[in-house]
>>> print(open('entry_5.cif').read())   # mmCIF, C-alpha atoms
data_final
#
loop_
_atom_site.label_atom_id
_atom_site.label_comp_id
_atom_site.auth_asym_id
_atom_site.auth_seq_id
_atom_site.Cartn_x
_atom_site.Cartn_y
_atom_site.Cartn_z
CA LEU A 28 0.48 51.99 120.56
CA SER A 29 2.68 53.63 117.89
CA THR A 30 5.36 50.96 118.34
CA GLN A 31 2.74 48.19 118.02
CA ASN A 32 1.36 49.73 114.81
CA GLN A 33 4.89 49.95 113.37
CA GLN A 34 5.51 46.27 114.19
CA GLN A 35 2.22 45.23 112.57
CA GLN A 36 3.02 47.30 109.46
CA GLN A 37 6.51 45.76 109.24
CA GLN A 38 5.04 42.25 109.60
CA HIS A 39 2.43 43.01 106.91
CA THR A 40 5.16 44.34 104.60
CA HIS A 41 7.29 41.26 105.27
CA ASP A 42 4.37 38.91 104.57
CA HIS A 43 3.53 40.82 101.38
CA HIS A 44 7.11 40.60 100.10
CA THR A 45 7.27 36.94 101.08
CA LEU A 46 4.14 36.22 99.04
CA LEU A 47 5.49 38.15 96.08
CA TYR A 48 8.79 36.30 96.27
CA VAL A 49 7.68 32.74 96.99
CA HIS A 50 4.56 32.14 94.92
CA PRO A 51 5.69 32.88 91.35
CA LYS A 52 8.67 30.53 91.53
CA PRO A 53 6.83 27.17 91.82
CA THR A 54 4.23 28.39 89.34
CA HIS A 55 6.93 29.20 86.78
CA ALA A 56 8.66 25.89 87.49
CA ARG A 57 5.42 23.95 86.97
CA GLN A 58 4.76 25.80 83.70
CA LYS A 59 8.28 25.11 82.46
CA GLN A 60 8.04 21.45 83.45
CA GLN A 61 4.65 21.14 81.70
CA GLN A 62 6.05 22.73 78.53
CA GLN A 63 8.95 20.28 78.55
CA LYS A 64 6.58 17.31 78.99
CA THR A 65 4.35 18.54 76.17
CA ARG A 66 7.31 19.01 73.81
CA SER A 67 8.56 15.53 74.71
CA SER A 68 5.21 13.85 74.10
CA PHE A 69 4.70 15.70 70.80
CA SER A 70 8.24 14.75 69.78
CA HIS A 71 7.43 11.11 70.44
CA SER A 72 4.19 11.45 68.46
CA HIS A 73 6.16 13.12 65.67
CA THR A 74 8.51 10.12 65.45
CA GLN A 75 5.68 7.59 65.53
CA ILE A 76 3.52 9.28 62.92
CA LYS A 77 6.43 10.04 60.59
CA ASN A 78 7.66 6.45 60.75
CA MET A 79 4.22 5.00 60.13
CA MET A 80 3.34 7.41 57.36
CA THR A 81 6.55 6.80 55.45
CA SER A 82 6.18 3.01 55.80
CA ALA A 83 2.80 3.00 54.05
CA ALA A 84 2.52 0.09 51.67
CA THR A 85 -1.02 -0.19 50.38
CA PRO A 86 -3.66 2.57 50.31
CA ILE A 87 -7.18 1.74 51.43
CA PRO A 88 -9.62 1.33 48.54
CA THR A 89 -12.19 4.12 48.45
CA ASN A 90 -15.06 1.61 48.37
CA VAL A 91 -14.21 0.01 51.73
CA ASN A 92 -17.15 -0.01 54.13
CA LEU A 93 -15.75 1.39 57.38
CA GLU A 94 -18.45 -0.39 59.39
CA ASN A 95 -16.84 -3.66 58.31
CA LEU A 96 -13.67 -2.54 60.05
CA HIS A 97 -15.31 -1.76 63.40
CA PRO A 98 -19.00 -1.46 64.33
CA ASN A 99 -18.44 1.56 66.58
CA LEU A 100 -16.07 3.54 64.38
CA VAL A 101 -16.55 7.30 64.02
CA VAL A 102 -14.39 9.12 61.47
CA CYS A 103 -14.35 12.87 62.06
CA PRO A 104 -15.82 14.79 59.10
CA SER A 105 -13.84 18.05 59.27
CA LYS A 106 -12.78 19.41 55.88
CA ALA A 107 -9.72 20.92 57.56
CA PHE A 108 -8.07 17.52 57.95
CA ALA A 109 -7.08 17.23 54.28
CA SER A 110 -4.67 20.18 54.41
CA LEU A 111 -3.56 19.53 58.00
CA PHE A 112 -2.64 15.91 57.30
CA THR A 113 -0.79 17.03 54.17
CA LYS A 114 1.43 19.11 56.44
CA ILE A 115 2.19 16.46 59.06
CA ARG A 116 2.68 13.69 56.48
CA ASP A 117 5.19 15.71 54.46
CA LYS A 118 8.64 14.38 55.28
CA THR A 119 10.11 17.88 54.79
CA THR A 120 7.93 19.44 57.49
CA PRO A 121 10.22 20.56 60.36
CA PRO A 122 9.39 19.43 63.91
CA GLY A 123 8.14 22.86 65.04
CA GLU A 124 5.60 23.05 62.23
CA PHE A 125 4.63 19.44 62.80
CA VAL A 126 3.74 20.22 66.42
CA HIS A 127 1.68 23.23 65.33
CA TYR A 128 -0.39 21.33 62.77
CA ALA A 129 -0.65 18.21 64.93
CA LYS A 130 -2.14 20.29 67.73
CA ARG A 131 -4.73 21.70 65.34
CA ILE A 132 -5.69 18.19 64.27
CA MET A 133 -5.88 16.99 67.86
CA HIS A 134 -8.08 19.91 68.94
CA LEU A 135 -10.60 19.16 66.20
CA LEU A 136 -10.43 15.45 67.04
CA ALA A 137 -10.86 16.05 70.78
CA GLU A 138 -13.94 18.21 70.26
CA ASP A 139 -15.51 15.56 68.02
CA ALA A 140 -14.74 12.87 70.59
CA LEU A 141 -16.34 14.92 73.36
CA ALA A 142 -19.38 15.42 71.13
CA GLU A 143 -19.93 11.64 71.28
CA LEU A 144 -20.65 11.88 75.01
CA PRO A 145 -24.29 11.86 76.17
CA THR A 146 -26.12 15.18 76.08
CA SER A 147 -29.21 16.54 77.75
CA PRO A 148 -31.59 19.32 76.63
CA LEU A 149 -30.85 22.76 78.03
CA THR A 150 -32.95 25.87 77.56
CA ILE A 151 -31.11 29.15 77.83
CA THR A 152 -32.15 32.77 77.48
CA THR A 153 -30.57 34.76 74.65
CA PRO A 154 -30.96 38.52 74.03
CA CYS A 155 -33.66 37.57 71.50
CA GLY A 156 -35.51 35.10 73.71
CA PRO A 157 -35.29 31.45 74.83
CA PHE A 158 -33.21 28.90 72.94
CA VAL A 159 -33.39 25.13 73.34
CA GLY A 160 -29.90 23.67 73.11
CA THR A 161 -27.97 20.78 74.60
CA GLN A 162 -25.47 20.33 77.38
CA SER A 163 -22.79 17.68 77.25
CA SER A 164 -21.33 15.98 80.29
CA SER A 165 -18.02 17.49 79.15
CA SER A 166 -19.28 21.06 79.57
CA SER A 167 -16.68 23.00 81.55
CA SER A 168 -19.46 25.13 83.03
CA SER A 169 -21.16 22.12 84.59
CA ASN A 170 -20.23 20.04 87.60
CA ASP A 171 -20.18 16.82 85.61
CA ASN A 172 -16.47 16.71 84.80
CA ASN A 173 -16.04 14.29 87.68
CA GLU A 174 -17.98 11.80 85.56
CA LEU A 175 -15.18 11.83 82.99
CA CYS A 176 -11.62 10.56 83.01
CA ALA A 177 -8.97 11.05 80.34
CA VAL A 178 -6.40 8.26 80.15
CA SER A 179 -3.23 8.31 78.06
CA ILE A 180 -1.21 5.38 76.77
CA ILE A 181 2.25 6.67 77.60
CA ARG A 182 4.17 8.35 75.98
CA ALA A 183 2.68 9.45 72.70
CA GLY A 184 -0.78 9.50 74.25
CA ASP A 185 0.30 12.36 76.49
CA SER A 186 0.25 14.78 73.55
CA LEU A 187 -3.45 14.06 72.95
CA LEU A 188 -4.12 14.04 76.69
CA GLU A 189 -2.73 17.58 77.00
CA VAL A 190 -5.09 18.75 74.26
CA MET A 191 -7.99 17.20 76.20
CA ARG A 192 -6.83 19.08 79.28
CA ASP A 193 -6.70 22.33 77.31
CA ILE A 194 -10.42 21.84 76.68
CA LEU A 195 -11.25 20.35 80.10
CA PRO A 196 -8.67 21.66 82.58
CA ASP A 197 -10.25 19.91 85.57
CA VAL A 198 -10.75 16.47 84.05
CA PRO A 199 -9.17 13.65 86.13
CA VAL A 200 -6.41 11.80 84.31
CA GLY A 201 -4.98 8.29 84.31
CA LYS A 202 -1.83 6.76 82.83
CA ILE A 203 -1.04 3.39 81.29
CA LEU A 204 2.49 2.46 80.22
CA ILE A 205 2.61 -0.34 77.67
CA GLN A 206 5.61 -1.36 75.59
CA ARG A 207 6.45 -4.20 73.26
CA ASP A 208 8.23 -7.14 74.84
CA GLU A 209 11.39 -7.17 72.75
CA SER A 210 12.53 -10.44 74.36
CA SER A 211 9.55 -12.23 72.84
CA SER A 212 9.44 -13.44 69.25
CA GLU A 213 5.87 -12.13 68.96
CA LYS A 214 6.83 -8.80 70.56
CA GLU A 215 3.44 -8.64 72.23
CA ALA A 216 2.32 -5.62 74.25
CA LYS A 217 3.33 -5.75 77.90
CA LEU A 218 1.97 -3.68 80.79
CA TYR A 219 4.58 -1.89 82.88
CA TYR A 220 2.56 0.64 84.87
CA SER A 221 -0.94 1.98 85.37
CA LYS A 222 -2.50 4.60 87.64
CA MET A 223 -6.13 5.75 87.70
CA PRO A 224 -8.09 8.33 89.69
CA PRO A 225 -10.49 7.10 92.38
CA HIS A 226 -13.84 5.63 91.30
CA VAL A 227 -12.76 5.32 87.67
CA SER A 228 -15.08 2.33 87.30
CA SER A 229 -18.07 4.67 87.44
CA LYS A 230 -16.67 7.20 84.94
CA ARG A 231 -16.74 7.60 81.19
CA VAL A 232 -13.20 7.18 79.93
CA LEU A 233 -11.49 8.98 77.04
CA LEU A 234 -8.59 6.69 76.12
CA CYS A 235 -5.96 8.72 74.25
CA ASP A 236 -3.33 7.42 71.84
CA PRO A 237 -2.47 9.12 68.51
CA MET A 238 -1.85 5.85 66.67
CA LEU A 239 -3.83 2.64 66.20
CA ALA A 240 -1.60 0.31 64.20
CA THR A 241 -1.76 -3.40 65.05
CA GLY A 242 -4.04 -2.81 68.04
CA GLY A 243 -1.81 -4.62 70.53
CA SER A 244 -1.31 -1.69 72.91
CA ALA A 245 -4.94 -0.60 72.66
CA CYS A 246 -6.22 -4.10 73.48
CA GLU A 247 -3.86 -4.34 76.45
CA ALA A 248 -4.94 -0.92 77.74
CA LEU A 249 -8.63 -1.84 77.45
CA LYS A 250 -7.92 -5.10 79.25
CA VAL A 251 -6.31 -3.16 82.10
CA LEU A 252 -9.26 -0.77 82.35
CA LYS A 253 -11.73 -3.64 82.46
CA GLU A 254 -9.96 -6.27 84.59
CA THR A 255 -7.88 -4.11 86.93
CA TYR A 256 -10.16 -1.11 87.42
CA GLY A 257 -13.63 -2.47 86.63
CA VAL A 258 -14.40 0.04 83.87
CA ASN A 259 -17.47 -0.68 81.75
CA LEU A 260 -16.00 -0.71 78.23
CA GLU A 261 -19.26 0.59 76.80
CA ASN A 262 -18.31 3.82 78.58
CA VAL A 263 -14.92 4.06 76.85
CA ILE A 264 -14.18 6.24 73.83
CA PHE A 265 -10.84 5.42 72.21
CA VAL A 266 -9.52 8.63 70.62
CA ASN A 267 -6.72 8.48 68.06
CA VAL A 268 -5.42 10.57 65.19
CA ILE A 269 -4.74 7.74 62.72
CA SER A 270 -6.17 4.22 62.57
CA CYS A 271 -5.24 1.41 60.24
CA PRO A 272 -7.57 -1.44 59.23
CA GLU A 273 -5.46 -4.09 60.94
CA GLY A 274 -5.89 -2.48 64.35
CA LEU A 275 -9.57 -1.68 63.78
CA LYS A 276 -10.33 -5.29 62.89
CA LYS A 277 -8.49 -6.55 65.95
CA LEU A 278 -10.46 -4.26 68.26
CA ALA A 279 -13.69 -5.22 66.48
CA ALA A 280 -12.99 -8.89 67.23
CA VAL A 281 -12.11 -8.37 70.90
CA TYR A 282 -13.80 -5.13 71.99
CA PRO A 283 -16.61 -4.26 69.56
CA MET A 284 -18.44 -2.30 72.27
CA VAL A 285 -15.69 0.35 72.50
CA LYS A 286 -16.37 3.47 70.43
CA ILE A 287 -13.41 4.60 68.34
CA VAL A 288 -13.16 8.22 67.23
CA THR A 289 -10.40 8.88 64.70
CA ALA A 290 -9.42 11.66 62.34
CA LEU A 291 -8.15 9.35 59.59
CA VAL A 292 -8.30 5.70 58.57
CA GLY A 293 -4.90 5.43 57.00
CA PRO A 294 -3.17 2.90 54.82
CA ILE A 295 -2.03 -0.52 55.91
CA PHE A 296 1.37 -0.16 57.57
CA ASN A 297 4.35 -2.47 57.31
#
>>> encode(input="entry_5.cif", output="structure tokens")
Amino acid sequence: LSTQNQQQQQQHTHDHHTLLYVHPKPTHARQKQQQQKTRSSFSHSHTQIKNMMTSAATPIPTNVNLENLHPNLVVCPSKAFASLFTKIRDKTTPPGEFVHYAKRIMHLLAEDALAELPTSPLTITTPCGPFVGTQSSSSSSSNDNNELCAVSIIRAGDSLLEVMRDILPDVPVGKILIQRDESSSEKEAKLYYSKMPPHVSSKRVLLCDPMLATGGSACEALKVLKETYGVNLENVIFVNVISCPEGLKKLAAVYPMVKIVTALVGPIFN
């Protein structure tokens, strides 16, 4: 009996050390890989935004009616954007600071985009009594996250997607890779890859891309969601940091039912 107990204790000790040795390694590797992907996507966003900001030609007149640009356009009202955009638009801002301020912008933008989702009344009990509030389908405490899907337009869209996942860690994700066809004189957007979670056609989709310039990539991505995966475009919210009138008008002509949530309607880009 003593020998059997010793063998069991040795096996338990071996299993314990095995668990301690094996489990942290893949976790650390996944964290390191995720950090590298996030830095890469933010670096790509940095390049895109810097290029587009420095190529600005004509500012938008202050009297422009935004509803004339797109009927479902929502411009986030946060007062913090003025100083944050000053930082990321400054050509002297180093990449590390750019990532910091861009993340702050994207977090505010993501919360405003999620606030556009349907809500239902919810009565809770506070220390002072009952309170009638609301519950969004994006609430991390509910079981409704399976009704949502966050989709990025690779690669820059991954930076905004990661912010969405910071807020909703369990949200299913999809990917769409679209690039310009450089062999064409029109350089139109061309689909190279797409992957969606199961039953995406029944979900509300948060389409993520930091930039809306000409609208070519966005229109192609929406076409893929509709024709390939059967998504109802009335259930799509297109989330982007900066929109220009050219892209907004193009989406208004082709997909007016898609809600666009942006932090800034910027100048017309060359």
>>> residues_around(input="entry_5.cif", residues="region 266-275 of chain A", least_positions_apart="6", cutoff="7 Å", atoms="all atoms listed in the file", output="list in words")
Leu96, His97, Met133, Ala140, Leu233, Leu234, Cys235, Asp236, Pro237, Met238, Leu239, Ala240, Thr241, Gly242, Ile287, Val288, Thr289, Ala290, Leu291, Val292, Gly293, Pro294 and Ile295 of chain A
>>> closest_residue(input="entry_5.cif", among="A:Glu215, A:Glu254, A:Glu247, A:Glu209", to="Val281 (chain A)", atoms="only C-alpha atoms")
A:Glu247
>>> resolve_selection(input="entry_5.cif", expression="the PyMOL selection byres ((chain A and resi 216-225) around 10)", output="NGL selection string")
:A and (176-181 or 199-209 or 211 or 213-215 or 226-230 or 242-248 or 251-252 or 255-256)
>>> atom_distance(input="entry_5.cif", atom1="CA of Ile194 (chain A)", atom2="CA of Thr153 (chain A)")
24.0 Å
>>> atom_distance(input="entry_5.cif", atom1="CA of Ser163 (chain A)", atom2="CA of Pro145 (chain A)")
6.1 Å
>>> resolve_selection(input="entry_5.cif", expression="the PyMOL selection byres ((chain A and resi 162) around 6)", output="VMD selection string")
chain A and resid 146 to 147 149 161 163
>>> closest_residue(input="entry_5.cif", among="A:Val101, A:Val159, A:Ala142, A:Glu94", to="Phe265 (chain A)", atoms="all atoms listed in the file")
A:Val101
>>> atom_distance(input="entry_5.cif", atom1="CA of Thr120 (chain A)", atom2="CA of Asp139 (chain A)")
26.0 Å
>>> resolve_selection(input="entry_5.cif", expression="the PyMOL selection byres ((chain A and resi 262) around 9)", output="ChimeraX atom specification")
/A:229-233,258-261,263-264,284-286
